[in-house]
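The data block below is structure-v1.cif; it holds mmCIF, C-alpha atoms and all ligand atoms.
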data_structure
loop_
_atom_site.label_atom_id
_atom_site.label_comp_id
_atom_site.auth_asym_id
_atom_site.auth_seq_id
_atom_site.Cartn_x
_atom_site.Cartn_y
_atom_site.Cartn_z
CA MET O 1 8.86 -3.10 -12.42
CA ALA O 2 11.34 -2.05 -9.77
CA ASN O 3 13.01 -4.95 -7.94
CA LEU O 4 12.46 -3.28 -4.57
CA VAL O 5 9.13 -1.61 -3.83
CA ILE O 6 8.46 -0.15 -0.38
CA THR O 7 5.10 1.42 0.38
CA ILE O 8 4.34 3.88 3.17
CA ASP O 9 0.70 4.73 3.80
CA GLY O 10 -0.90 6.72 6.58
CA PRO O 11 -3.03 9.73 7.49
CA ALA O 12 -2.25 13.39 6.84
CA ALA O 13 0.82 14.80 8.62
CA SER O 14 1.97 11.41 9.91
CA GLY O 15 5.46 12.14 8.54
CA LYS O 16 5.16 9.91 5.46
CA SER O 17 6.71 12.29 2.93
CA THR O 18 9.80 13.14 4.97
CA VAL O 19 10.29 9.54 6.06
CA ALA O 20 9.84 8.25 2.49
CA ARG O 21 12.38 10.75 1.19
CA LEU O 22 14.98 9.93 3.86
CA LEU O 23 14.44 6.18 3.65
CA ALA O 24 14.83 6.36 -0.13
CA GLU O 25 18.06 8.30 0.32
CA ARG O 26 19.44 5.65 2.70
CA LEU O 27 18.50 2.85 0.32
CA GLY O 28 19.68 4.58 -2.84
CA ALA O 29 16.10 4.40 -4.08
CA SER O 30 13.79 6.82 -5.84
CA PHE O 31 10.63 8.01 -4.11
CA LEU O 32 7.15 8.97 -5.09
CA ASP O 33 4.87 11.33 -3.18
CA THR O 34 1.48 10.29 -4.58
CA GLY O 35 -0.34 13.04 -2.65
CA SER O 36 1.38 15.49 -4.99
CA MET O 37 -0.36 13.77 -7.92
CA TYR O 38 -3.82 14.22 -6.36
CA ARG O 39 -2.87 17.80 -5.55
CA ALA O 40 -1.69 18.54 -9.11
CA VAL O 41 -4.95 17.27 -10.62
CA THR O 42 -6.88 19.29 -8.03
CA LEU O 43 -4.97 22.44 -8.97
CA ALA O 44 -5.57 21.85 -12.69
CA ALA O 45 -9.30 21.29 -12.02
CA ILE O 46 -9.52 24.51 -9.98
CA GLU O 47 -7.69 26.46 -12.68
CA GLY O 48 -9.96 25.02 -15.37
CA GLY O 49 -13.12 25.81 -13.40
CA VAL O 50 -14.10 22.13 -13.62
CA ASP O 51 -17.20 20.95 -11.75
CA MET O 52 -15.60 18.79 -9.02
CA SER O 53 -18.63 16.50 -8.82
CA ASP O 54 -18.46 15.60 -12.54
CA GLU O 55 -16.12 12.64 -12.88
CA GLU O 56 -15.95 12.70 -16.69
CA LYS O 57 -15.00 16.38 -16.68
CA LEU O 58 -12.35 15.70 -14.03
CA LEU O 59 -10.97 12.93 -16.23
CA SER O 60 -10.76 15.30 -19.20
CA VAL O 61 -8.15 17.28 -17.23
CA PHE O 62 -5.66 14.53 -18.22
CA ASP O 63 -6.34 15.16 -21.93
CA ASN O 64 -6.02 18.91 -21.65
CA ARG O 65 -3.03 19.29 -19.33
CA LYS O 66 0.35 17.59 -19.18
CA PHE O 67 1.50 16.50 -15.73
CA GLN O 68 5.10 15.72 -14.89
CA PHE O 69 6.44 14.29 -11.65
CA ALA O 70 10.15 13.94 -11.00
CA VAL O 71 12.57 13.78 -8.10
CA ARG O 72 14.68 16.93 -8.21
CA GLU O 73 17.25 17.83 -5.54
CA GLY O 74 15.70 15.26 -3.22
CA ARG O 75 12.18 16.69 -3.61
CA MET O 76 9.13 15.70 -5.63
CA ALA O 77 8.93 18.35 -8.31
CA VAL O 78 5.60 18.75 -10.06
CA SER O 79 4.87 20.61 -13.27
CA ILE O 80 1.75 21.21 -15.33
CA ASP O 81 2.26 22.04 -19.01
CA GLY O 82 5.94 22.64 -18.26
CA LEU O 83 5.23 25.15 -15.48
CA ASP O 84 6.61 24.33 -12.02
CA VAL O 85 3.71 24.10 -9.53
CA THR O 86 5.57 22.38 -6.66
CA GLU O 87 4.75 25.22 -4.26
CA GLN O 88 1.27 26.00 -5.60
CA ILE O 89 -0.07 22.50 -4.96
CA ARG O 90 0.51 23.03 -1.21
CA ARG O 91 -1.99 25.89 -1.13
CA GLN O 92 -4.84 25.61 1.36
CA GLU O 93 -7.45 25.73 -1.42
CA VAL O 94 -5.82 22.73 -3.10
CA THR O 95 -5.62 20.75 0.17
CA ALA O 96 -9.29 21.41 0.88
CA ASN O 97 -10.46 20.33 -2.60
CA ALA O 98 -8.23 17.26 -3.05
CA ARG O 99 -10.93 15.06 -1.57
CA TYR O 100 -13.08 15.41 -4.72
CA ILE O 101 -10.25 14.12 -6.87
CA ALA O 102 -9.43 11.40 -4.32
CA SER O 103 -12.95 9.96 -4.45
CA ALA O 104 -13.38 10.00 -8.23
CA VAL O 105 -13.00 6.32 -9.22
CA LYS O 106 -11.68 6.82 -12.77
CA VAL O 107 -9.26 9.55 -11.69
CA ARG O 108 -7.86 7.19 -9.06
CA GLU O 109 -7.48 4.43 -11.65
CA LYS O 110 -5.59 6.80 -13.93
CA LEU O 111 -3.30 7.98 -11.10
CA VAL O 112 -2.61 4.43 -9.91
CA GLU O 113 -1.62 3.56 -13.49
CA MET O 114 0.73 6.57 -13.57
CA GLN O 115 2.21 5.50 -10.21
CA ARG O 116 2.93 2.00 -11.56
CA GLN O 117 4.53 3.49 -14.68
CA PHE O 118 6.69 5.72 -12.48
CA ALA O 119 7.81 2.69 -10.42
CA ALA O 120 8.50 0.65 -13.54
CA ARG O 121 11.21 3.13 -14.56
CA GLU O 122 13.10 2.77 -11.26
CA LYS O 123 15.25 -0.01 -9.81
CA LYS O 124 14.19 0.69 -6.22
CA ILE O 125 11.33 2.86 -5.06
CA VAL O 126 9.74 4.10 -1.84
CA THR O 127 6.22 5.26 -2.57
CA GLU O 128 3.89 6.97 -0.11
CA GLY O 129 0.22 7.86 0.05
CA ARG O 130 -3.01 6.32 1.27
CA ASP O 131 -3.48 3.25 -0.95
CA GLN O 132 0.02 2.30 -2.01
CA GLY O 133 0.18 -1.02 -0.13
CA THR O 134 -3.50 -1.88 -0.61
CA VAL O 135 -4.25 -0.93 -4.23
CA ALA O 136 -1.29 0.42 -6.21
CA PHE O 137 1.38 -2.10 -5.15
CA PRO O 138 -0.30 -5.08 -3.44
CA ASN O 139 2.86 -7.16 -4.05
CA ALA O 140 5.29 -4.60 -2.58
CA ASP O 141 8.33 -6.06 -0.81
CA VAL O 142 7.76 -4.15 2.42
CA LYS O 143 4.66 -2.22 3.45
CA PHE O 144 4.47 0.34 6.23
CA TYR O 145 1.58 2.20 7.78
CA LEU O 146 2.56 5.27 9.80
CA THR O 147 0.24 6.70 12.41
CA ALA O 148 0.46 9.37 15.12
CA ASP O 149 -1.97 11.06 17.54
CA THR O 150 -4.06 13.74 15.90
CA GLY O 151 -2.74 16.38 18.32
CA GLU O 152 0.85 15.50 17.48
CA ARG O 153 0.11 15.55 13.76
CA ALA O 154 -1.51 18.97 14.10
CA LYS O 155 1.61 20.29 15.84
CA ARG O 156 3.84 18.92 13.07
CA ARG O 157 1.65 20.47 10.39
CA GLN O 158 1.65 23.80 12.22
CA ASN O 159 5.46 23.82 12.31
CA GLU O 160 5.59 22.98 8.62
CA LEU O 161 3.09 25.75 7.76
CA ARG O 162 5.04 28.26 9.86
CA THR O 163 8.14 27.73 7.72
CA ARG O 164 6.00 28.99 4.84
CA GLY O 165 4.56 31.93 6.80
CA GLY O 166 1.30 30.18 7.83
CA LEU O 167 -0.33 31.48 11.01
CA GLU O 168 -3.25 29.10 11.45
CA SER O 169 -4.27 28.09 14.98
CA LEU O 170 -3.56 24.58 16.24
CA GLU O 171 -7.27 24.01 16.74
CA ARG O 172 -8.12 24.84 13.12
CA ILE O 173 -5.30 22.67 11.84
CA GLN O 174 -6.44 19.75 13.99
CA ASP O 175 -10.05 20.13 12.78
CA ALA O 176 -8.88 20.13 9.16
CA ILE O 177 -6.75 17.02 9.75
CA GLU O 178 -9.65 15.18 11.37
CA GLU O 179 -11.91 16.12 8.48
CA ARG O 180 -9.36 14.86 5.93
CA ASP O 181 -8.85 11.60 7.89
CA LYS O 182 -12.57 10.98 7.86
CA SER O 183 -12.94 11.66 4.16
CA ASP O 184 -9.87 9.48 3.37
CA GLN O 185 -11.15 6.59 5.51
CA ASP O 186 -14.76 6.73 4.38
CA ARG O 187 -14.40 6.84 0.59
CA GLU O 188 -15.30 3.71 -1.33
CA VAL O 189 -12.24 3.59 -3.58
CA GLY O 190 -8.70 3.36 -2.24
CA PRO O 191 -9.70 4.22 1.33
CA LEU O 192 -7.05 4.94 3.93
CA ARG O 193 -6.36 1.74 5.84
CA PRO O 194 -3.33 -0.45 6.56
CA ALA O 195 -2.73 -3.37 4.20
CA GLU O 196 -3.15 -6.70 6.00
CA ASP O 197 0.57 -7.33 5.71
CA ALA O 198 1.65 -3.79 6.62
CA ILE O 199 3.97 -3.03 9.52
CA VAL O 200 2.17 -0.41 11.60
CA VAL O 201 4.44 2.20 13.19
CA ASP O 202 3.13 4.75 15.70
CA THR O 203 5.37 7.80 15.35
CA THR O 204 3.78 9.94 18.08
CA ASP O 205 6.80 9.75 20.37
CA LEU O 206 9.47 9.24 17.76
CA GLY O 207 11.71 11.71 15.95
CA ILE O 208 12.07 11.51 12.18
CA GLU O 209 15.52 9.87 12.38
CA GLU O 210 14.23 7.25 14.82
CA VAL O 211 11.38 6.39 12.45
CA VAL O 212 13.75 6.14 9.49
CA GLU O 213 16.10 3.85 11.46
CA LYS O 214 13.21 1.66 12.53
CA LEU O 215 11.92 1.30 8.98
CA LEU O 216 15.40 0.67 7.65
CA ARG O 217 15.86 -2.21 10.11
CA CYS O 218 12.52 -3.72 9.03
CA VAL O 219 13.50 -3.47 5.35
CA GLU O 220 16.87 -5.10 5.98
CA GLU O 221 15.29 -7.88 8.00
CA LYS O 222 12.49 -8.56 5.49
CA CYS O 223 14.73 -8.41 2.45
CA LEU O 224 17.33 -10.62 4.09
CA LYS O 225 14.64 -13.24 4.77
CA ARG O 226 13.35 -12.90 1.21
CA ASP O 227 16.83 -13.29 -0.27
CA GLN O 228 17.48 -16.40 1.84
CA LYS O 229 14.35 -18.15 0.53
O1 LIG O 301 -0.45 13.28 1.22
P1 LIG O 301 -1.12 14.57 0.88
O2 LIG O 301 -1.69 15.27 2.05
O3 LIG O 301 -0.28 15.47 0.03
O4 LIG O 301 -2.36 14.13 -0.04
C1 LIG O 301 -3.32 15.05 -0.51
C2 LIG O 301 -4.67 14.34 -0.63
O5 LIG O 301 -4.62 13.40 -1.70
C3 LIG O 301 -5.07 13.54 0.60
O6 LIG O 301 -5.89 14.26 1.48
C4 LIG O 301 -5.83 12.35 0.06
O7 LIG O 301 -7.20 12.60 0.04
C5 LIG O 301 -5.34 12.23 -1.37
N1 LIG O 301 -4.51 11.05 -1.59
C6 LIG O 301 -5.12 9.86 -1.89
N2 LIG O 301 -4.38 8.75 -2.19
C7 LIG O 301 -3.04 8.82 -2.16
C8 LIG O 301 -2.38 10.02 -1.83
C9 LIG O 301 -3.15 11.13 -1.53
O8 LIG O 301 -6.34 9.79 -1.90
N3 LIG O 301 -2.33 7.71 -2.49
#

Structure rendered as structure tokens:
Amino acid sequence: MANLVITIDGPAASGKSTVARLLAERLGASFLDTGSMYRAVTLAAIEGGVDMSDEEKLLSVFDNRKFQFAVREGRMAVSIDGLDVTEQIRRQEVTANARYIASAVKVREKLVEMQRQFAAREKKIVTEGRDQGTVAFPNADVKFYLTADTGERAKRRQNELRTRGGLESLERIQDAIEERDKSDQDREVGPLRPAEDAIVVDTTDLGIEEVVEKLLRCVEEKCLKRDQK
């Protein structure tokens, strides 16, 4: 297991992925975008025409397809059977169907196991998602929970989509975010919520660099205290 594990959880478009990547860079750590794992399984299930409500069939996706997750040029690169699907997993259809994969108990167990294996190969890791501090890494060294107003998150998502040619209205994006929040918070397994010992950071009025600096200070402070014990 890595000797420094930092978890960042939070709702959709709260800035987790960018912050995790930049924080990892500053700490010389690896990072893991666990949402990309749920997205990759969703894409494979869509491609295989799998009934999303049948948990056993969803689980069989792991036997039939080979998933690979690696940090390449500072990004989480994802491939299925050797084919790069990093862009494809961001498709709207994948985002909308990820909730079926996210609420399938055995699929979650399998992905959490893969996340722990990924971390075990690294010396330091920043991992982000919904359940990283609560389920996957309950003994993490530092846990963060990032939040932001829904309106602000919708704006951020709209900007991100625009860079890829997306033209969706702010209203539609906000509705979709609220729907995803609800489904992430209400599921029985690995629901979205801050770990009891998580540091909650509201990023509504903060720029990315400010958030990274804030988190970095918390890590330094916590690790310093830990090392002095
Ligand atoms: O973070 P991202 O939006 O890429 O995640 C895609 C979906 O995967 C989320 O809507 C959520 O339902 C699911 N997810 C999860 N647990 C995680 C990471 C993502 O359930 N640790």

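Separating CA of Ala77 (chain O) from CA of Val41 (chain O) is a distance of 14.1 Å.
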
Quick one: what's the axis-aligned box for region 38-50 of chain O, all listed atoms, 3 Å on every side, centre and edges in Å to one decimal, as AutoDock Vina command-line options?
--center_x -7.9 --center_y 20.3 --center_z -10.5 --size_x 18.4 --size_y 18.2 --size_z 15.8

Top pick for closest residue to ligand LIG 301 (chain O), considering O:Val85, O:Leu23, O:Val189, O:Ala148 and counting all atoms listed in the file: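 With all atoms listed in the file as the atom set, the closest residue is O:Val189.
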
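Note that the spacing between CA of Ala98 (chain O) and CA of Asp202 (chain O) amounts to 25.2 Å.
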
Report as CSV: every residue of chain O with an atom at most 8 Å from ligand LIG 301 (chain O), its closest pair of atoms, and their distance in Å to one decimal, counting all atoms listed in the file, with rows sorted by chain and ascending residue number.
residue,atom,partner,partner_atom,distance
O:Asp9,CA,O:LIG301,N3,7.6
O:Pro11,CA,O:LIG301,O1,7.7
O:Ala12,CA,O:LIG301,O2,5.2
O:Ala13,CA,O:LIG301,O2,7.0
O:Lys16,CA,O:LIG301,O1,7.8
O:Ser17,CA,O:LIG301,O1,7.4
O:Asp33,CA,O:LIG301,O1,7.2
O:Thr34,CA,O:LIG301,C8,4.7
O:Gly35,CA,O:LIG301,O4,3.5
O:Ser36,CA,O:LIG301,O3,5.3
O:Met37,CA,O:LIG301,C8,7.4
O:Tyr38,CA,O:LIG301,O5,4.8
O:Arg39,CA,O:LIG301,C1,5.8
O:Arg90,CA,O:LIG301,O3,7.7
O:Thr95,CA,O:LIG301,C1,6.2
O:Ala96,CA,O:LIG301,O6,7.9
O:Ala98,CA,O:LIG301,C2,5.2
O:Arg99,CA,O:LIG301,O7,4.7
O:Ile101,CA,O:LIG301,C5,7.6
O:Ala102,CA,O:LIG301,O8,4.2
O:Ser103,CA,O:LIG301,O8,7.1
O:Arg108,CA,O:LIG301,O8,7.8
O:Glu128,CA,O:LIG301,N3,6.7
O:Gly129,CA,O:LIG301,N3,3.6
O:Arg130,CA,O:LIG301,N3,4.1
O:Asp131,CA,O:LIG301,N3,4.9
O:Gln132,CA,O:LIG301,N3,5.9
O:Arg180,CA,O:LIG301,O6,5.7
O:Asp181,CA,O:LIG301,O6,7.5
O:Ser183,CA,O:LIG301,O7,7.1
O:Asp184,CA,O:LIG301,O7,5.3
O:Gly190,CA,O:LIG301,O8,6.9
O:Pro191,CA,O:LIG301,O8,7.3
O:Leu192,CA,O:LIG301,O8,7.6

Point-to-point distance in Å for CA of Lys110 (chain O) and CA of Ser14 (chain O): 25.4 Å

Residue among O:Ala24, O:Ala104, O:Leu146, O:Met114 lying closest to Pro194 (chain O), counting only C-alpha atoms: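 Of O:Ala24, O:Ala104, O:Leu146, O:Met114, the one nearest Pro194 (chain O) is O:Leu146, counting only C-alpha atoms.
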
Residue nearest Asp141 (chain O) - candidates O:Glu113, O:Glu188, O:Asp227, O:Asp54, atoms counted: all atoms listed in the file: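 For Asp141 (chain O), the nearest of the given residues is O:Asp227.
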
Who sits within 8 Å of Phe137 (chain O), all atoms listed in the file, same chain under 6 positions skipped, as number ranges by chain: O: 5, 7, 116

Residues of the last selection are to be written out with C-alpha atoms, as a short mmCIF file (atom, residue, chain, number, x, y, z; two decimals), keeping the file's coordinate frame.
data_model
loop_
_atom_site.label_atom_id
_atom_site.label_comp_id
_atom_site.auth_asym_id
_atom_site.auth_seq_id
_atom_site.Cartn_x
_atom_site.Cartn_y
_atom_site.Cartn_z
CA VAL O 5 9.13 -1.61 -3.83
CA THR O 7 5.10 1.42 0.38
CA ARG O 116 2.93 2.00 -11.56
#

Answer as a VMD selection string, residues within 12 Å of (9.0, 14.6, -13.0) using only C-alpha atoms: chain O and resid 30 to 33 36 to 37 66 to 86 114 to 115 118 121

Got time to write the residues from that selection, C-alpha atoms, as a PDB file, keeping the file's coordinate frame?
ATOM      1  CA  SER O  30      13.790   6.820  -5.840  1.00  0.00           C
ATOM      2  CA  PHE O  31      10.630   8.010  -4.110  1.00  0.00           C
ATOM      3  CA  LEU O  32       7.150   8.970  -5.090  1.00  0.00           C
ATOM      4  CA  ASP O  33       4.870  11.330  -3.180  1.00  0.00           C
ATOM      5  CA  SER O  36       1.380  15.490  -4.990  1.00  0.00           C
ATOM      6  CA  MET O  37      -0.360  13.770  -7.920  1.00  0.00           C
ATOM      7  CA  LYS O  66       0.350  17.590 -19.180  1.00  0.00           C
ATOM      8  CA  PHE O  67       1.500  16.500 -15.730  1.00  0.00           C
ATOM      9  CA  GLN O  68       5.100  15.720 -14.890  1.00  0.00           C
ATOM     10  CA  PHE O  69       6.440  14.290 -11.650  1.00  0.00           C
ATOM     11  CA  ALA O  70      10.150  13.940 -11.000  1.00  0.00           C
ATOM     12  CA  VAL O  71      12.570  13.780  -8.100  1.00  0.00           C
ATOM     13  CA  ARG O  72      14.680  16.930  -8.210  1.00  0.00           C
ATOM     14  CA  GLU O  73      17.250  17.830  -5.540  1.00  0.00           C
ATOM     15  CA  GLY O  74      15.700  15.260  -3.220  1.00  0.00           C
ATOM     16  CA  ARG O  75      12.180  16.690  -3.610  1.00  0.00           C
ATOM     17  CA  MET O  76       9.130  15.700  -5.630  1.00  0.00           C
ATOM     18  CA  ALA O  77       8.930  18.350  -8.310  1.00  0.00           C
ATOM     19  CA  VAL O  78       5.600  18.750 -10.060  1.00  0.00           C
ATOM     20  CA  SER O  79       4.870  20.610 -13.270  1.00  0.00           C
ATOM     21  CA  ILE O  80       1.750  21.210 -15.330  1.00  0.00           C
ATOM     22  CA  ASP O  81       2.260  22.040 -19.010  1.00  0.00           C
ATOM     23  CA  GLY O  82       5.940  22.640 -18.260  1.00  0.00           C
ATOM     24  CA  LEU O  83       5.230  25.150 -15.480  1.00  0.00           C
ATOM     25  CA  ASP O  84       6.610  24.330 -12.020  1.00  0.00           C
ATOM     26  CA  VAL O  85       3.710  24.100  -9.530  1.00  0.00           C
ATOM     27  CA  THR O  86       5.570  22.380  -6.660  1.00  0.00           C
ATOM     28  CA  MET O 114       0.730   6.570 -13.570  1.00  0.00           C
ATOM     29  CA  GLN O 115       2.210   5.500 -10.210  1.00  0.00           C
ATOM     30  CA  PHE O 118       6.690   5.720 -12.480  1.00  0.00           C
ATOM     31  CA  ARG O 121      11.210   3.130 -14.560  1.00  0.00           C
TER      32      ARG O 121
END

Nearest to Lys57 (chain O) by atom-to-atom distance, counting only C-alpha atoms, from O:Arg26, O:Lys106, O:Arg91, O:Arg21: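 The answer is O:Lys106, which sits nearest to Lys57 (chain O).
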
From O:Ala40, O:Glu122, O:Gln92, O:Arg65, residue lying nearest Arg164 (chain O) [only C-alpha atoms]: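 Going through O:Ala40, O:Glu122, O:Gln92, O:Arg65 one by one, the smallest distance to Arg164 (chain O) is for O:Gln92.
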
Long-range neighbours of Asp197 (chain O) as a VMD selection string, 9 Å cut-off, all atoms listed in the file, 3 positions minimum in chain: chain O and resid 133 142 to 144 194

Generate the output file for the selected residues, C-alpha atoms, as a PDB file, keeping the file's coordinate frame.
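Saved to result_12.pdb:
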ATOM      1  CA  GLY O 133       0.180  -1.020  -0.130  1.00  0.00           C
ATOM      2  CA  VAL O 142       7.760  -4.150   2.420  1.00  0.00           C
ATOM      3  CA  LYS O 143       4.660  -2.220   3.450  1.00  0.00           C
ATOM      4  CA  PHE O 144       4.470   0.340   6.230  1.00  0.00           C
ATOM      5  CA  PRO O 194      -3.330  -0.450   6.560  1.00  0.00           C
TER       6      PRO O 194
END

Residue nearest Ile6 (chain O) among O:Leu111, O:Leu215, O:Val61, O:Val201 (counting only C-alpha atoms): O:Leu215

Residue neighbourhood Asp205 (chain O), 10 Å, all atoms listed in the file, exclusion window fewer than 3 positions, as a PyMOL selection string: chain O and resi 148-149+152+202+208+210-211

Please, could you write that set of residues out with C-alpha atoms as a JSON list (two decimals), in the frame of the given file?
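Output file selection-v2.json is given in full below:
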[["chain", "number", "residue", "atom", "x", "y", "z"],
["O", 148, "ALA", "CA", 0.46, 9.37, 15.12],
["O", 149, "ASP", "CA", -1.97, 11.06, 17.54],
["O", 152, "GLU", "CA", 0.85, 15.50, 17.48],
["O", 202, "ASP", "CA", 3.13, 4.75, 15.70],
["O", 208, "ILE", "CA", 12.07, 11.51, 12.18],
["O", 210, "GLU", "CA", 14.23, 7.25, 14.82],
["O", 211, "VAL", "CA", 11.38, 6.39, 12.45]]

Near-Glu171 (chain O) list (12 Å; all atoms listed in the file; drop same-chain fewer than 6 positions) as a PDB file with C-alpha atoms, in the frame of the given file:
ATOM      1  CA  THR O 150      -4.060  13.740  15.900  1.00  0.00           C
ATOM      2  CA  GLY O 151      -2.740  16.380  18.320  1.00  0.00           C
ATOM      3  CA  GLU O 152       0.850  15.500  17.480  1.00  0.00           C
ATOM      4  CA  ARG O 153       0.110  15.550  13.760  1.00  0.00           C
ATOM      5  CA  ALA O 154      -1.510  18.970  14.100  1.00  0.00           C
ATOM      6  CA  LYS O 155       1.610  20.290  15.840  1.00  0.00           C
ATOM      7  CA  ARG O 157       1.650  20.470  10.390  1.00  0.00           C
ATOM      8  CA  GLN O 158       1.650  23.800  12.220  1.00  0.00           C
ATOM      9  CA  ILE O 177      -6.750  17.020   9.750  1.00  0.00           C
ATOM     10  CA  GLU O 178      -9.650  15.180  11.370  1.00  0.00           C
TER      11      GLU O 178
END
